[in-house]
file entry_38.cif (mmCIF, C-alpha atoms)
data_structure
loop_
_atom_site.label_atom_id
_atom_site.label_comp_id
_atom_site.auth_asym_id
_atom_site.auth_seq_id
_atom_site.Cartn_x
_atom_site.Cartn_y
_atom_site.Cartn_z
CA MET A 24 50.79 -66.49 27.12
CA ASN A 25 53.79 -67.80 25.30
CA LYS A 26 57.15 -66.05 25.68
CA ALA A 27 57.42 -65.00 22.02
CA ILE A 28 54.10 -63.11 22.12
CA ALA A 29 54.92 -61.60 25.52
CA SER A 30 58.27 -60.31 24.24
CA LEU A 31 56.54 -58.71 21.23
CA LEU A 32 53.82 -57.07 23.34
CA ALA A 33 56.03 -55.81 26.18
CA PRO A 34 57.43 -52.77 24.29
CA LEU A 35 53.93 -51.75 23.18
CA VAL A 36 52.54 -51.99 26.70
CA LEU A 37 55.45 -50.00 28.13
CA ALA A 38 55.06 -47.30 25.45
CA GLY A 39 51.36 -47.02 26.23
CA CYS A 40 52.05 -46.68 29.95
CA ALA A 41 54.69 -44.02 29.34
CA THR A 42 52.24 -41.83 27.40
CA MET A 43 49.49 -42.11 30.02
CA GLY A 44 51.31 -39.75 32.35
CA ALA A 45 52.47 -37.45 29.58
CA SER A 46 50.92 -34.05 29.29
CA GLY A 47 50.59 -31.57 26.51
CA PRO A 48 50.20 -27.80 26.47
CA VAL A 49 49.50 -25.93 29.71
CA ALA A 50 47.60 -22.69 30.35
CA VAL A 51 47.32 -20.74 33.61
CA ALA A 52 44.80 -18.25 34.99
CA LYS A 53 45.95 -16.07 37.90
CA LEU A 54 42.72 -15.07 39.64
CA GLU A 55 42.53 -11.58 41.10
CA ALA A 56 39.71 -10.19 43.20
CA THR A 57 37.14 -7.96 41.56
CA LYS A 58 36.35 -4.60 43.23
CA GLY A 59 35.30 -5.05 46.85
CA ASN A 60 36.28 -8.72 47.04
CA THR A 61 39.26 -10.69 48.38
CA THR A 62 39.21 -13.88 46.27
CA SER A 63 42.44 -14.88 44.50
CA GLY A 64 44.19 -18.00 43.29
CA THR A 65 45.51 -19.99 40.37
CA VAL A 66 43.80 -22.24 37.86
CA THR A 67 45.91 -24.55 35.67
CA PHE A 68 44.69 -26.23 32.49
CA THR A 69 46.80 -29.18 31.29
CA GLN A 70 46.05 -30.93 27.98
CA ALA A 71 46.20 -34.71 28.40
CA GLY A 72 45.31 -36.34 25.10
CA ASP A 73 41.72 -35.39 24.23
CA LYS A 74 40.96 -34.19 27.79
CA VAL A 75 42.05 -31.27 29.94
CA ARG A 76 42.88 -31.48 33.64
CA VAL A 77 41.61 -28.32 35.39
CA GLU A 78 43.22 -27.70 38.80
CA ALA A 79 42.50 -24.74 41.03
CA ASN A 80 43.75 -23.40 44.34
CA VAL A 81 41.56 -20.48 45.45
CA SER A 82 41.42 -18.46 48.69
CA GLY A 83 39.32 -15.60 50.04
CA LEU A 84 36.02 -17.37 49.45
CA LYS A 85 32.97 -17.39 51.73
CA PRO A 86 33.69 -20.26 54.17
CA ASN A 87 31.87 -23.58 53.79
CA ALA A 88 30.11 -22.47 50.62
CA GLU A 89 29.80 -23.31 46.94
CA HIS A 90 30.83 -20.84 44.27
CA GLY A 91 30.05 -20.89 40.55
CA PHE A 92 33.20 -21.48 38.51
CA HIS A 93 33.22 -20.87 34.76
CA VAL A 94 35.36 -20.21 31.72
CA HIS A 95 33.96 -17.06 30.06
CA GLU A 96 34.17 -16.06 26.41
CA LYS A 97 36.48 -13.02 26.64
CA GLY A 98 39.90 -12.74 28.25
CA ASP A 99 39.24 -9.24 29.58
CA CYS A 100 39.14 -8.32 33.27
CA SER A 101 39.36 -4.56 32.70
CA SER A 102 35.87 -3.70 33.98
CA GLY A 103 36.74 -4.27 37.65
CA ASP A 104 33.60 -6.36 38.19
CA GLY A 105 34.44 -9.20 35.79
CA MET A 106 31.59 -8.33 33.42
CA SER A 107 34.03 -7.57 30.59
CA THR A 108 34.60 -11.34 30.23
CA GLY A 109 31.15 -11.68 28.64
CA GLY A 110 29.07 -14.83 28.99
CA HIS A 111 30.10 -18.43 29.53
CA PHE A 112 32.43 -19.88 26.92
CA ASN A 113 30.03 -21.73 24.60
CA PRO A 114 31.59 -22.46 21.19
CA LEU A 115 29.29 -25.45 20.60
CA GLY A 116 26.04 -23.51 21.19
CA LYS A 117 24.76 -25.67 24.06
CA ALA A 118 22.33 -24.75 26.87
CA HIS A 119 23.77 -24.02 30.33
CA GLY A 120 23.89 -27.06 32.61
CA ALA A 121 25.92 -29.09 35.04
CA HIS A 122 29.39 -30.21 34.01
CA GLY A 123 29.06 -33.85 33.04
CA GLY A 124 25.35 -33.45 32.30
CA ALA A 125 23.75 -34.25 28.97
CA GLU A 126 24.12 -30.67 27.74
CA HIS A 127 26.21 -27.79 29.06
CA HIS A 128 28.45 -24.94 27.94
CA ALA A 129 32.11 -25.78 27.37
CA GLY A 130 32.82 -23.25 30.14
CA ASP A 131 30.49 -24.86 32.71
CA LEU A 132 32.68 -26.38 35.41
CA PRO A 133 31.64 -27.90 38.74
CA SER A 134 31.25 -25.37 41.57
CA LEU A 135 34.16 -24.63 43.89
CA LYS A 136 33.53 -25.85 47.45
CA SER A 137 35.33 -23.85 50.11
CA ASP A 138 36.45 -25.13 53.50
CA ALA A 139 35.98 -23.43 56.90
CA ALA A 140 38.89 -21.07 56.13
CA GLY A 141 37.45 -20.00 52.75
CA ASN A 142 39.93 -22.00 50.66
CA ALA A 143 39.13 -24.40 47.82
CA LYS A 144 41.23 -26.96 45.99
CA PHE A 145 39.72 -28.32 42.83
CA SER A 146 40.62 -30.90 40.20
CA VAL A 147 38.48 -32.20 37.36
CA LEU A 148 39.04 -33.83 33.97
CA VAL A 149 37.12 -32.10 31.16
CA ASP A 150 36.50 -33.42 27.66
CA ILE A 151 34.87 -30.43 25.89
CA ILE A 152 37.64 -27.82 26.15
CA THR A 153 41.23 -27.84 24.90
CA VAL A 154 44.45 -25.99 25.61
CA SER A 155 45.73 -26.76 22.11
CA PRO A 156 44.63 -24.36 19.36
CA SER A 157 41.04 -25.13 18.33
CA ALA A 158 37.55 -23.64 18.47
CA THR A 159 37.24 -25.01 22.02
CA SER A 160 40.58 -23.73 23.33
CA VAL A 161 40.46 -21.88 26.65
CA VAL A 162 43.63 -19.89 25.91
CA GLY A 163 42.77 -16.19 25.80
CA ARG A 164 39.41 -16.73 27.55
CA GLY A 165 38.30 -15.43 30.94
CA MET A 166 38.12 -17.41 34.20
CA ILE A 167 35.48 -16.33 36.72
CA VAL A 168 34.65 -17.27 40.32
CA HIS A 169 31.12 -16.29 41.35
CA ARG A 170 29.84 -15.38 44.82
CA ASP A 171 27.00 -17.95 44.80
CA PRO A 172 26.58 -21.57 43.72
CA ASP A 173 25.53 -22.37 40.17
CA ASP A 174 21.95 -23.71 40.09
CA TYR A 175 22.73 -25.46 36.74
CA LYS A 176 19.23 -24.55 35.48
CA THR A 177 18.87 -20.80 34.98
CA GLN A 178 19.69 -19.87 31.37
CA PRO A 179 22.22 -18.86 30.33
CA THR A 180 24.15 -18.13 33.56
CA GLY A 181 23.20 -20.53 36.33
CA ASN A 182 22.19 -17.62 38.62
CA ALA A 183 25.60 -17.74 40.32
CA GLY A 184 25.63 -14.09 41.37
CA PRO A 185 28.33 -11.45 41.12
CA ARG A 186 31.80 -12.20 39.81
CA ILE A 187 34.23 -12.12 42.74
CA ALA A 188 37.46 -13.04 40.95
CA CYS A 189 38.64 -12.75 37.36
CA ALA A 190 41.60 -13.93 35.28
CA VAL A 191 42.73 -14.22 31.70
CA ILE A 192 43.75 -17.76 30.75
CA ALA A 193 47.22 -17.60 29.18
CA ALA A 194 49.40 -20.25 27.56
CA SER A 195 52.23 -21.22 29.87
#
call {"tool": "encode", "arguments": {"input": "entry_38.cif", "output": "structure tokens"}}
result
Amino acid sequence: MNKAIASLLAPLVLAGCATMGASGPVAVAKLEATKGNTTSGTVTFTQAGDKVRVEANVSGLKPNAEHGFHVHEKGDCSSGDGMSTGGHFNPLGKAHGAHGGAEHHAGDLPSLKSDAAGNAKFSVLVDIITVSPSATSVVGRGMIVHRDPDDYKTQPTGNAGPRIACAVIAAS
């Protein structure tokens, strides 16, 4: 490449690289155990362009197990059992399914996988939800950890069992 073209392109390439690591709005869910359970943790949602990075650090889970993990429609944990959060967040009217599958709720996330001590760390990039204001924003919604794994088939819930932790997702 000749030097004149390279000198013209260099600022554009550098600007593009600088924005790749940039992040937008952030929302946080502080998980608290539902009645009779011990699960707690934090889930962070970070807008990165047209995608959202979802990161979780959860403890008090059944060791070496999978647990359903969903954004629910209502930011209300007042019932004590997590049922006040309603169903899965589904602003686009899709069938329940596996995250990344052909069709799934906006709130369908991959299951949490706990280690031998009952802890789970989780990170996934999602392209259906937003943190920024929109019909698909998770701000003000509920975050639920379920006792059992999601089967990704049973409609509309995934048969993931009782809700063992609940949080309201709040802008940070």
call {"tool": "closest_residue", "arguments": {"input": "entry_38.cif", "among": "A:Glu55, A:Asp150, A:Asp131, A:Asp138", "to": "Gly181 of chain A", "atoms": "all atoms listed in the file"}}
result
A:Asp131
call {"tool": "resolve_selection", "arguments": {"input": "entry_38.cif", "expression": "the PyMOL selection byres ((chain A and resi 115) around 12)", "output": "JSON, numbers by chain"}}
result
{"A": [111, 112, 113, 114, 116, 117, 118, 119, 126, 127, 128, 129, 130, 151, 152, 157, 158, 159, 160]}
call {"tool": "residues_around", "arguments": {"input": "entry_38.cif", "residues": "Ala71 of chain A", "least_positions_apart": "3", "cutoff": "8 Å", "atoms": "all atoms listed in the file", "output": "ChimeraX atom specification"}}
result
/A:45-47,74-76
call {"tool": "axis_aligned_box", "arguments": {"input": "entry_38.cif", "around": "segment 44-53 of chain A", "padding_each_side": "5 Å", "output": "JSON"}}
result
{"center_x": 48.6, "center_y": -27.9, "center_z": 32.2, "size_x": 17.7, "size_y": 33.7, "size_z": 21.4}
call {"tool": "atom_distance", "arguments": {"input": "entry_38.cif", "atom1": "atom CA of Ala188 of chain A", "atom2": "atom CA of Phe68 of chain A"}}
result
17.3 Å
call {"tool": "atom_distance", "arguments": {"input": "entry_38.cif", "atom1": "atom CA of Ala50 of chain A", "atom2": "atom CA of Lys176 of chain A"}}
result
28.9 Å
call {"tool": "closest_residue", "arguments": {"input": "entry_38.cif", "among": "A:Val49, A:Ala56, A:Ala121, A:Leu84", "to": "Gln178 of chain A", "atoms": "all atoms listed in the file"}}
result
A:Ala121
call {"tool": "atom_distance", "arguments": {"input": "entry_38.cif", "atom1": "atom CA of Thr69 of chain A", "atom2": "atom CA of Met106 of chain A"}}
result
25.9 Å
call {"tool": "closest_residue", "arguments": {"input": "entry_38.cif", "among": "A:Val149, A:Asn87, A:Ala190, A:Ser155", "to": "Gly124 of chain A", "atoms": "all atoms listed in the file"}}
result
A:Val149
call {"tool": "closest_residue", "arguments": {"input": "entry_38.cif", "among": "A:Ala194, A:Thr67, A:Thr62, A:Ala125", "to": "Val162 of chain A", "atoms": "all atoms listed in the file"}}
result
A:Ala194
call {"tool": "closest_residue", "arguments": {"input": "entry_38.cif", "among": "A:His90, A:His169, A:Lys144, A:Lys85", "to": "Cys189 of chain A", "atoms": "all atoms listed in the file"}}
result
A:His169
